[in-house]
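The structure appears right after this line, and notes come after that.
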Amino acid sequence: MASRAVAIGPALGLSLAIAVLILGSAAMVAARADSFALAPADWQALRFTVLQASLSAGISSLLAIPVARALFRRRFPWRGVLIRLLAAPFVLPVVVAVMGLLTVFGRGGPINTGLEWLGLPEVSIFGLHGVVLANVFFNMPLATRMLLHGWQSIPAERFRLAKSLGLPPSAQFRHLEAPMLRAQLPGIFAVILLICLASFAIALMLGGGPKASTLELAIYQSLRFEFDLGRAAMLSAVQFALCAGITLLAARMTLPQNFGAGLGRSLDTLAPQDWREGVDALTIAAAALFLFAPLLAVVIKGLPGLLDLPSGLWPAALRSVSVAAVSAILASGVALILATAAARSRSRMIELAAMLPLSASSLVLGTGLFLAVRPFVTPETLALPVTVLVNATLTLPYLFRLLLPEARQLEADYGRLTATLGLPRRSELRFITLPRLARPLGYGAGLAAALSMGDLGVIALFAGDGGATLPLFVQHLIGAYRLQQAAAAALILVALSFALFWAFDRLGSRYADA
């Protein structure tokens, strides 16, 4: 037991480092604050932030349940490809994805064209419903993949036993699937809620006015246009308190699954071949249409510009790939250490530290680091290392949330056995931990790499003219009204993001099946 206590030591050190990074950066900005009184516009931004985030997280989580269940129960050609492509919307750079949504749901798009043909009024994508639609587009696939991992964590022997006992599908859902949902949904809802609370690009492009402004957008405006560090610090403190409270509440609501250990065998479809098969097929088809139609619009817009690529694109792409790969590897290693330690420890401190980055704005974190290094070095010289650090920190909660439920199940199944045998930490990691956690770890690493590829906020604060990454390069093209070249560069950015995600996800699945 002493060796297992020692294994928690590195996790405590990493937790302290994360807390110092997040809280220290916030303190650097907060030191400029003059007052913490909210103006009427700030209260409006707070109300809209909570409303849109709650609606987005609730709708995304609820829609993901039938989609994930249908994907788990059915086997069909290209199923694996479809599951991996579910990450496509979430890993898309926001600017690129919103362009696709505007093409499909905007004025002149196929949705409004069909409504006009039917004699119905057009639907505007701007305002609250547009922000919620975009958030659901981004986050419903993430919730689906996380729930699919939850279904796959239920031992196949439990389903076979239920079938041999003649339990109807409703009883199987009540005794096997519902406990998994009770354990997984609070954490998934909290992660998506925190993502929506901290997003500003969607509100910036689809908000439609001051009444649809979020806290994150108000922070961005204070830093970028007004350079009012005091107001930005005050709004950041409000956002931090809100997100920290949600994180603590979600941690208290999370329950263990307690299904026991299985033999790790694959599960053939046990779903009834009746009307439910048609419902599952319709569910999968509707979800695929909703998610992939905007992606197809992005491809169609970007293809003509591939014949006239601007100079400087490939160096920017190389910088983006390097930053994304290093960020993903760093975040994966830290998440693995924290998740396995949190599964062993009764304290919630490690879990709180791992989720702490969700309460921080990328702009506030970048601004705090900018202020910290400016007296000593030129910020442009540290653009890429700081971007790696910030991206790894901000993607850490996603990996941690993916790993924690299965790490807890792994500890419940094998913790006492490995402690009794005195198995060395390296052997435990090689033969027990990594094979069982390889699938969510590979998916999470791919997710982190793709998110890092699309990051724009931090690099915009630090990078000079010669250090731009590909998202910043695309933004410069849009600002210069070179829209066709911007669309082509965005298409390359999307392709590289998906390639990185696919590579990490495939590596994790292959190691898990070995």
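Following the order of the structure tokens, first chain is A, next is B, and so on, with residues numbered from 1 inside each chain and ligands from 1 in the order they appear.
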Give me, as a PyMOL selection string, all polymer residues having an atom no more than 9 Å from Leu437 (chain A), counting only C-alpha atoms and skipping those fewer than 2 positions away in the same chain. chain A and resi 336+403+406-407+410+432-435+439-442+508+512
Do you know which residues are at most 9 Å from Thr214 (chain A) counting only C-alpha atoms, after dropping those on the same chain fewer than 5 positions away, and could you put them as number ranges by chain? A: 42, 44-50, 52, 197-200, 203-204, 207, 219
Taking N, CA and C atoms for each residue, export the selection above as a PDB file, in the first residue's frame.
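File written: result_0.pdb
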ATOM      1  N   ASP A  42     -22.911  43.842 -17.943  1.00  0.00           N
ATOM      2  CA  ASP A  42     -22.225  42.643 -17.459  1.00  0.00           C
ATOM      3  C   ASP A  42     -23.224  41.627 -16.921  1.00  0.00           C
ATOM      4  N   GLN A  44     -26.292  41.322 -17.955  1.00  0.00           N
ATOM      5  CA  GLN A  44     -26.937  40.759 -19.144  1.00  0.00           C
ATOM      6  C   GLN A  44     -26.064  39.681 -19.774  1.00  0.00           C
ATOM      7  N   ALA A  45     -24.756  39.940 -19.830  1.00  0.00           N
ATOM      8  CA  ALA A  45     -23.840  38.939 -20.386  1.00  0.00           C
ATOM      9  C   ALA A  45     -23.813  37.685 -19.528  1.00  0.00           C
ATOM     10  N   LEU A  46     -23.869  37.843 -18.201  1.00  0.00           N
ATOM     11  CA  LEU A  46     -23.877  36.694 -17.299  1.00  0.00           C
ATOM     12  C   LEU A  46     -25.146  35.860 -17.493  1.00  0.00           C
ATOM     13  N   ARG A  47     -26.292  36.520 -17.566  1.00  0.00           N
ATOM     14  CA  ARG A  47     -27.560  35.789 -17.754  1.00  0.00           C
ATOM     15  C   ARG A  47     -27.566  35.041 -19.081  1.00  0.00           C
ATOM     16  N   PHE A  48     -27.135  35.701 -20.147  1.00  0.00           N
ATOM     17  CA  PHE A  48     -27.132  35.030 -21.452  1.00  0.00           C
ATOM     18  C   PHE A  48     -26.142  33.870 -21.475  1.00  0.00           C
ATOM     19  N   THR A  49     -25.001  34.040 -20.817  1.00  0.00           N
ATOM     20  CA  THR A  49     -23.997  32.977 -20.769  1.00  0.00           C
ATOM     21  C   THR A  49     -24.568  31.727 -20.114  1.00  0.00           C
ATOM     22  N   VAL A  50     -25.205  31.888 -18.957  1.00  0.00           N
ATOM     23  CA  VAL A  50     -25.764  30.738 -18.242  1.00  0.00           C
ATOM     24  C   VAL A  50     -26.901  30.106 -19.040  1.00  0.00           C
ATOM     25  N   GLN A  52     -27.576  30.157 -22.446  1.00  0.00           N
ATOM     26  CA  GLN A  52     -27.169  29.448 -23.655  1.00  0.00           C
ATOM     27  C   GLN A  52     -26.347  28.201 -23.332  1.00  0.00           C
ATOM     28  N   LEU A 197     -19.731  27.725 -21.592  1.00  0.00           N
ATOM     29  CA  LEU A 197     -19.518  28.937 -20.803  1.00  0.00           C
ATOM     30  C   LEU A 197     -18.275  29.689 -21.263  1.00  0.00           C
ATOM     31  N   ALA A 198     -17.256  28.957 -21.733  1.00  0.00           N
ATOM     32  CA  ALA A 198     -15.964  29.569 -22.053  1.00  0.00           C
ATOM     33  C   ALA A 198     -15.772  29.828 -23.543  1.00  0.00           C
ATOM     34  N   SER A 199     -16.811  29.684 -24.362  1.00  0.00           N
ATOM     35  CA  SER A 199     -16.651  29.907 -25.804  1.00  0.00           C
ATOM     36  C   SER A 199     -17.075  31.324 -26.155  1.00  0.00           C
ATOM     37  N   PHE A 200     -16.270  31.981 -26.977  1.00  0.00           N
ATOM     38  CA  PHE A 200     -16.628  33.339 -27.383  1.00  0.00           C
ATOM     39  C   PHE A 200     -16.728  33.484 -28.891  1.00  0.00           C
ATOM     40  N   ALA A 203     -20.382  33.075 -30.079  1.00  0.00           N
ATOM     41  CA  ALA A 203     -21.191  34.246 -29.750  1.00  0.00           C
ATOM     42  C   ALA A 203     -20.770  35.455 -30.578  1.00  0.00           C
ATOM     43  N   LEU A 204     -19.474  35.543 -30.873  1.00  0.00           N
ATOM     44  CA  LEU A 204     -18.979  36.666 -31.672  1.00  0.00           C
ATOM     45  C   LEU A 204     -19.564  36.633 -33.083  1.00  0.00           C
ATOM     46  N   GLY A 207     -23.964  35.717 -32.323  1.00  0.00           N
ATOM     47  CA  GLY A 207     -24.746  36.294 -31.229  1.00  0.00           C
ATOM     48  C   GLY A 207     -25.805  37.270 -31.700  1.00  0.00           C
ATOM     49  N   ILE A 219     -14.961  39.631 -22.072  1.00  0.00           N
ATOM     50  CA  ILE A 219     -13.539  39.619 -21.705  1.00  0.00           C
ATOM     51  C   ILE A 219     -12.680  39.916 -22.930  1.00  0.00           C
TER      52      ILE A 219
END
Name the residues of region 136-363 of chain A that fall into alpha helix (DSSP H) according to DSSP on the backbone, using the chain letters and numbers of this document, as a ChimeraX atom specification. /A:136-153,156-164,169-172,178-197,201-206,215-221,229-253,275-302,313-344,349-355,362-363
Selection: 10 Å around region 106-112 of chain A, only C-alpha atoms, excl. self and same-chain fewer than 3 positions, as an mmCIF file with N, CA and C atoms, in the first residue's frame:
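Below is the file that was written, result_4.cif:
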data_model
loop_
_atom_site.group_PDB
_atom_site.id
_atom_site.type_symbol
_atom_site.label_atom_id
_atom_site.label_comp_id
_atom_site.auth_asym_id
_atom_site.auth_seq_id
_atom_site.Cartn_x
_atom_site.Cartn_y
_atom_site.Cartn_z
ATOM 1 N N MET A 99 -18.658 28.805 -40.742
ATOM 2 C CA MET A 99 -18.855 29.013 -42.179
ATOM 3 C C MET A 99 -19.738 27.917 -42.761
ATOM 4 N N GLY A 100 -19.502 26.662 -42.349
ATOM 5 C CA GLY A 100 -20.337 25.563 -42.826
ATOM 6 C C GLY A 100 -21.763 25.670 -42.345
ATOM 7 N N LEU A 101 -21.961 26.039 -41.082
ATOM 8 C CA LEU A 101 -23.325 26.182 -40.545
ATOM 9 C C LEU A 101 -24.074 27.303 -41.248
ATOM 10 N N LEU A 102 -23.383 28.407 -41.515
ATOM 11 C CA LEU A 102 -24.036 29.507 -42.221
ATOM 12 C C LEU A 102 -24.432 29.093 -43.634
ATOM 13 N N THR A 103 -23.604 28.262 -44.260
ATOM 14 C CA THR A 103 -23.927 27.806 -45.613
ATOM 15 C C THR A 103 -25.179 26.945 -45.623
ATOM 16 N N LEU A 115 -37.786 25.822 -46.521
ATOM 17 C CA LEU A 115 -38.886 26.478 -45.801
ATOM 18 C C LEU A 115 -39.627 27.457 -46.704
ATOM 19 N N GLU A 116 -38.884 28.188 -47.533
ATOM 20 C CA GLU A 116 -39.525 29.128 -48.461
ATOM 21 C C GLU A 116 -40.367 28.382 -49.485
ATOM 22 N N TRP A 117 -39.904 27.257 -49.938
ATOM 23 C CA TRP A 117 -40.656 26.457 -50.908
ATOM 24 C C TRP A 117 -41.956 25.930 -50.305
ATOM 25 N N LEU A 118 -41.919 25.645 -48.991
ATOM 26 C CA LEU A 118 -43.115 25.181 -48.299
ATOM 27 C C LEU A 118 -44.024 26.320 -47.848
ATOM 28 N N LEU A 120 -43.211 28.611 -45.574
ATOM 29 C CA LEU A 120 -42.971 28.878 -44.157
ATOM 30 C C LEU A 120 -41.957 30.004 -44.008
ATOM 31 N N PRO A 121 -41.981 30.727 -42.886
ATOM 32 C CA PRO A 121 -41.020 31.825 -42.693
ATOM 33 C C PRO A 121 -39.604 31.306 -42.522
ATOM 34 N N GLU A 122 -38.647 32.134 -42.914
ATOM 35 C CA GLU A 122 -37.243 31.764 -42.779
ATOM 36 C C GLU A 122 -36.832 31.722 -41.306
ATOM 37 N N VAL A 123 -35.792 30.942 -41.032
ATOM 38 C CA VAL A 123 -35.226 30.832 -39.688
ATOM 39 C C VAL A 123 -33.880 31.532 -39.677
ATOM 40 N N SER A 124 -33.710 32.464 -38.751
ATOM 41 C CA SER A 124 -32.436 33.169 -38.630
ATOM 42 C C SER A 124 -31.495 32.373 -37.737
ATOM 43 N N ILE A 125 -30.257 32.248 -38.168
ATOM 44 C CA ILE A 125 -29.271 31.504 -37.385
ATOM 45 C C ILE A 125 -28.616 32.388 -36.329
ATOM 46 N N PHE A 126 -28.932 33.671 -36.322
ATOM 47 C CA PHE A 126 -28.316 34.591 -35.376
ATOM 48 C C PHE A 126 -29.181 34.729 -34.115
ATOM 49 N N GLY A 130 -29.290 30.468 -32.651
ATOM 50 C CA GLY A 130 -28.110 30.203 -33.470
ATOM 51 C C GLY A 130 -26.923 29.774 -32.633
#
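Checking A:Val390, A:Ala285, A:Phe225, A:Arg158 one by one against Arg79 (chain A), counting only C-alpha atoms, you find the shortest gap at A:Ala285.
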